[in-house]
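Enquirer: If you scroll down you'll find the structure; I have some questions about it.
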Amino acid sequence: MKHIYPLIIVTLLLASCGGKKNQSVEDVIATNDLTLIRKKKTELDASAQAIAAQLKQLQAKIKALDPQEKIPLITTFNAKEEVFTHFVELQGSVDTKENLVIFPEYSGVLSRVYVKEGQKVSKGQTLAKIDDGGLSQQLAQLKIQTALAKTTFERQERLWNQKIGSEIEFLQAKSNYQAQQEAVNQLEQQVGKTIVKAPFSGTIDDVITEQGSVVAPGQSQLFRIVNLSNMYIKTDVPERYVSDIVVGKAVEVEFPILGKTIDAKVRQAGNFINPANRTFKVEVGIPNKDASIKPNLTAKLKINDYTNNNTFLIPQSVISENAEGEQYIYVVENKDENNQGVAKKVIIKTGKTQGDVIEVLSGLEKGTEVIQEGARSVKNDQPVKVIND
């Protein structure tokens, strides 16, 4: 009995201390004692760290003892034959062969301007008139003289046909009439140069010289006329594509400023390699029915230079390379009902790339299960487990 009482006292003391120490969080919060609350939080933080460390130790031991825990988890995809279209990405600018600044062919005062900016005109339509300085009157007088020379020639011709008069009189009349005709034609050409006409159908983009100004050939700009219906993009293509990019190749044209993408074709491929930059010229015709595409607009081109209708495409991220420079991937073989199999290294030969995918020319067969996620962490002949969704 002498040992019982001390034992009871010790037990009560421990219970009393333990009760205070193991107060619930709700009880501690209910005390509204900041010091006690902080103390409880510190105790819980220490307990959480200790439990985390213990869990880590347990997990490491489980992994070491359980063979299933050592098998890496991977995802796969099945190789299938696809159409591979490769594009050369270039930049070009929009142009038109019908974008022209009109100059006068005659010196004088621009007496009349018949068009305004934004006006649509037809080929041959009169745009302006230059004062001819009296050439029209001279032409009228010359035509009267030509008419007289014609009458004289016709009379001399009738007489000569009747064997009346001399041959020299007939020839002189004929020569005089022909000279007058040539003079009229020449003066008509001069007068014609005073009339400014549209060289092609289009739109008057700018009236540069106003009515009443003095103009001179090769110096005074009169109008800018533009036709937006016959537009094209010109770009320089590296010479290595000279046999791949030819007339008729498909082109995807993007206009970043317009937020617009259209399909077009190569309409002309140059035959001359520029020795300065080793490129050749390519023209891509573009439709422009709504006239939204303007000259000198920047465009991004994707020109189809290569198409394979029957090939395998895989992500570039699954490919590795060995010391000999050979490219390889990992595939899954002998997969069982639990989706567990063996990783096998396969040497492949690749072709062109487009974006994130690459063309596989050899080493891969249809239906082969290629490792995707985990491809860089597995080893040859290593057991793996497929966890595809």
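Just so we're on the same page: first chain in the structure tokens is A, next is B, and so on; residues restart at 1 for each chain, and ligands are numbered from 1 in the order they show up.
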Please produce, as CSV, a per-residue contact table for range 173-261 of chain A versus range 146-150 of chain A (criterion: any atom at most 10 Å away, only C-alpha atoms considered), showing the nearest atom pair and its distance in Å to one decimal, sorted by chain then residue number.
Expert:
```
residue,atom,partner,partner_atom,distance
A:Ala173,CA,A:Ala149,CA,7.0
A:Lys174,CA,A:Lys150,CA,8.1
A:Ser175,CA,A:Ala149,CA,9.3
A:Asn176,CA,A:Ala149,CA,6.4
A:Tyr177,CA,A:Ala149,CA,4.8
A:Gln178,CA,A:Ala149,CA,8.5
A:Ala179,CA,A:Thr146,CA,8.7
A:Gln180,CA,A:Thr146,CA,5.2
A:Gln181,CA,A:Thr146,CA,6.3
A:Glu182,CA,A:Thr146,CA,9.6
A:Ala183,CA,A:Thr146,CA,8.9
A:Val184,CA,A:Thr146,CA,7.8
```
Enquirer: Taking C-alpha atoms for each residue, export the selection above as a PDB file, in the first residue's frame.
Expert:
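As a result, part.pdb now contains:
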```pdb
ATOM      1  CA  ALA A 173       0.249  67.515-156.556  1.00  0.00           C
ATOM      2  CA  LYS A 174       0.546  64.054-155.036  1.00  0.00           C
ATOM      3  CA  SER A 175       3.674  64.977-153.072  1.00  0.00           C
ATOM      4  CA  ASN A 176       2.105  68.186-151.794  1.00  0.00           C
ATOM      5  CA  TYR A 177      -0.998  66.355-150.597  1.00  0.00           C
ATOM      6  CA  GLN A 178       1.018  63.658-148.823  1.00  0.00           C
ATOM      7  CA  ALA A 179       3.223  66.288-147.142  1.00  0.00           C
ATOM      8  CA  GLN A 180       0.126  68.117-145.919  1.00  0.00           C
ATOM      9  CA  GLN A 181      -1.288  64.866-144.520  1.00  0.00           C
ATOM     10  CA  GLU A 182       1.926  64.148-142.628  1.00  0.00           C
ATOM     11  CA  ALA A 183       1.938  67.684-141.234  1.00  0.00           C
ATOM     12  CA  VAL A 184      -1.660  67.259-140.029  1.00  0.00           C
TER      13      VAL A 184
END
```
Enquirer: Would you pick out the contacts of Leu313 in chain A at 12 Å or less, using only C-alpha atoms, so that residues sharing its chain but fewer than 6 positions from it are not included, and give the list as a ChimeraX atom specification?
Expert: /A:77-86,319,348-362,364-366,370
Enquirer: Dump C-alpha atoms for the selected residues as a PDB file, in the first residue's frame?
Expert:
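Writing done, so here's again04.pdb:
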```
ATOM      1  CA  PHE A  77       0.059   7.728 -78.293  1.00  0.00           C
ATOM      2  CA  ASN A  78      -0.336   5.361 -81.239  1.00  0.00           C
ATOM      3  CA  ALA A  79       1.611   6.121 -84.410  1.00  0.00           C
ATOM      4  CA  LYS A  80      -0.702   6.666 -87.379  1.00  0.00           C
ATOM      5  CA  GLU A  81      -0.149   7.661 -90.991  1.00  0.00           C
ATOM      6  CA  GLU A  82      -1.011  11.288 -91.718  1.00  0.00           C
ATOM      7  CA  VAL A  83      -0.676  13.930 -94.412  1.00  0.00           C
ATOM      8  CA  PHE A  84       2.298  16.192 -93.703  1.00  0.00           C
ATOM      9  CA  THR A  85       2.334  19.627 -95.300  1.00  0.00           C
ATOM     10  CA  HIS A  86       5.442  21.743 -94.853  1.00  0.00           C
ATOM     11  CA  ILE A 319      13.072  12.560 -79.533  1.00  0.00           C
ATOM     12  CA  ILE A 348      14.395   6.603 -86.225  1.00  0.00           C
ATOM     13  CA  LYS A 349      15.184   8.807 -89.202  1.00  0.00           C
ATOM     14  CA  THR A 350      13.410  12.145 -89.341  1.00  0.00           C
ATOM     15  CA  GLY A 351      12.599  14.613 -92.110  1.00  0.00           C
ATOM     16  CA  LYS A 352      11.166  18.123 -92.037  1.00  0.00           C
ATOM     17  CA  THR A 353       9.637  19.878 -89.054  1.00  0.00           C
ATOM     18  CA  GLN A 354       6.554  22.071 -88.870  1.00  0.00           C
ATOM     19  CA  GLY A 355       5.727  23.771 -85.602  1.00  0.00           C
ATOM     20  CA  ASP A 356       6.063  21.261 -82.737  1.00  0.00           C
ATOM     21  CA  VAL A 357       5.901  18.097 -84.871  1.00  0.00           C
ATOM     22  CA  ILE A 358       8.477  16.313 -87.002  1.00  0.00           C
ATOM     23  CA  GLU A 359       8.176  13.862 -89.876  1.00  0.00           C
ATOM     24  CA  VAL A 360       9.423  10.297 -89.280  1.00  0.00           C
ATOM     25  CA  LEU A 361      10.807   8.756 -92.477  1.00  0.00           C
ATOM     26  CA  SER A 362      11.812   5.352 -91.102  1.00  0.00           C
ATOM     27  CA  LEU A 364       8.321   3.566 -86.957  1.00  0.00           C
ATOM     28  CA  GLU A 365       5.395   1.317 -87.828  1.00  0.00           C
ATOM     29  CA  LYS A 366       1.669   1.945 -87.835  1.00  0.00           C
ATOM     30  CA  VAL A 370       5.123   5.776 -78.555  1.00  0.00           C
TER      31      VAL A 370
END
```
Enquirer: Determine the nearest neighbour of Ser317 in chain A from the options A:Leu297, A:Ala198, A:Val282, A:Arg376, counting only C-alpha atoms.
Expert: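 Comparing A:Leu297, A:Ala198, A:Val282, A:Arg376 against Ser317 in chain A, the winner is A:Arg376.
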Enquirer: Could you check which of A:Asn388, A:Asn339, A:Gln91, A:Gln211 is closest to Ile303 in chain A, using only C-alpha atoms?
Expert: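 Selected residue with least distance to Ile303 in chain A: A:Gln91.
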Enquirer: Tell me which of A:Ala140, A:Ile286, A:Ile102, A:Ile273 sits closest to Thr261 in chain A, counting only C-alpha atoms.
Expert: A:Ile286
Enquirer: I'd like the interatomic distance between CA of Lys260 in chain A and CA of Asn227 in chain A, to a tenth of an Å.
Expert: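 One can read the CA of Lys260 in chain A to CA of Asn227 in chain A distance as 20.6 Å.
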Enquirer: I'd like to know which residues of range 99-178 of chain A are alpha helix (DSSP H) (by DSSP, run on the backbone); could you write them as a PyMOL selection string?
Expert: chain A and resi 135-161+167-178
Enquirer: Just to confirm, what's the straight-line distance from CA of Arg267 in chain A to CA of Gly248 in chain A in Å (one decimal)?
Expert: 6.2 Å
Enquirer: With only C-alpha atoms as the basis for distance, which of A:Gln340, A:Lys302, A:Val88, A:Ala50 is at the shortest distance from Val242 in chain A?
Expert: A:Val88
Enquirer: Which distance in Å separates CA of Phe272 in chain A and CA of Glu239 in chain A, to one decimal?
Expert: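 Answer for the CA of Phe272 in chain A to CA of Glu239 in chain A separation: 9.6 Å.
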Enquirer: If you run DSSP on the backbone, which residues of range 36-262 of chain A are strand (DSSP E or B), as number ranges by chain?
Expert: A: 73-74, 76-78, 81-96, 99-102, 108-113, 120-121, 126-130, 195-197, 202-207, 214-215, 223-226, 231-238, 250-255, 260-262
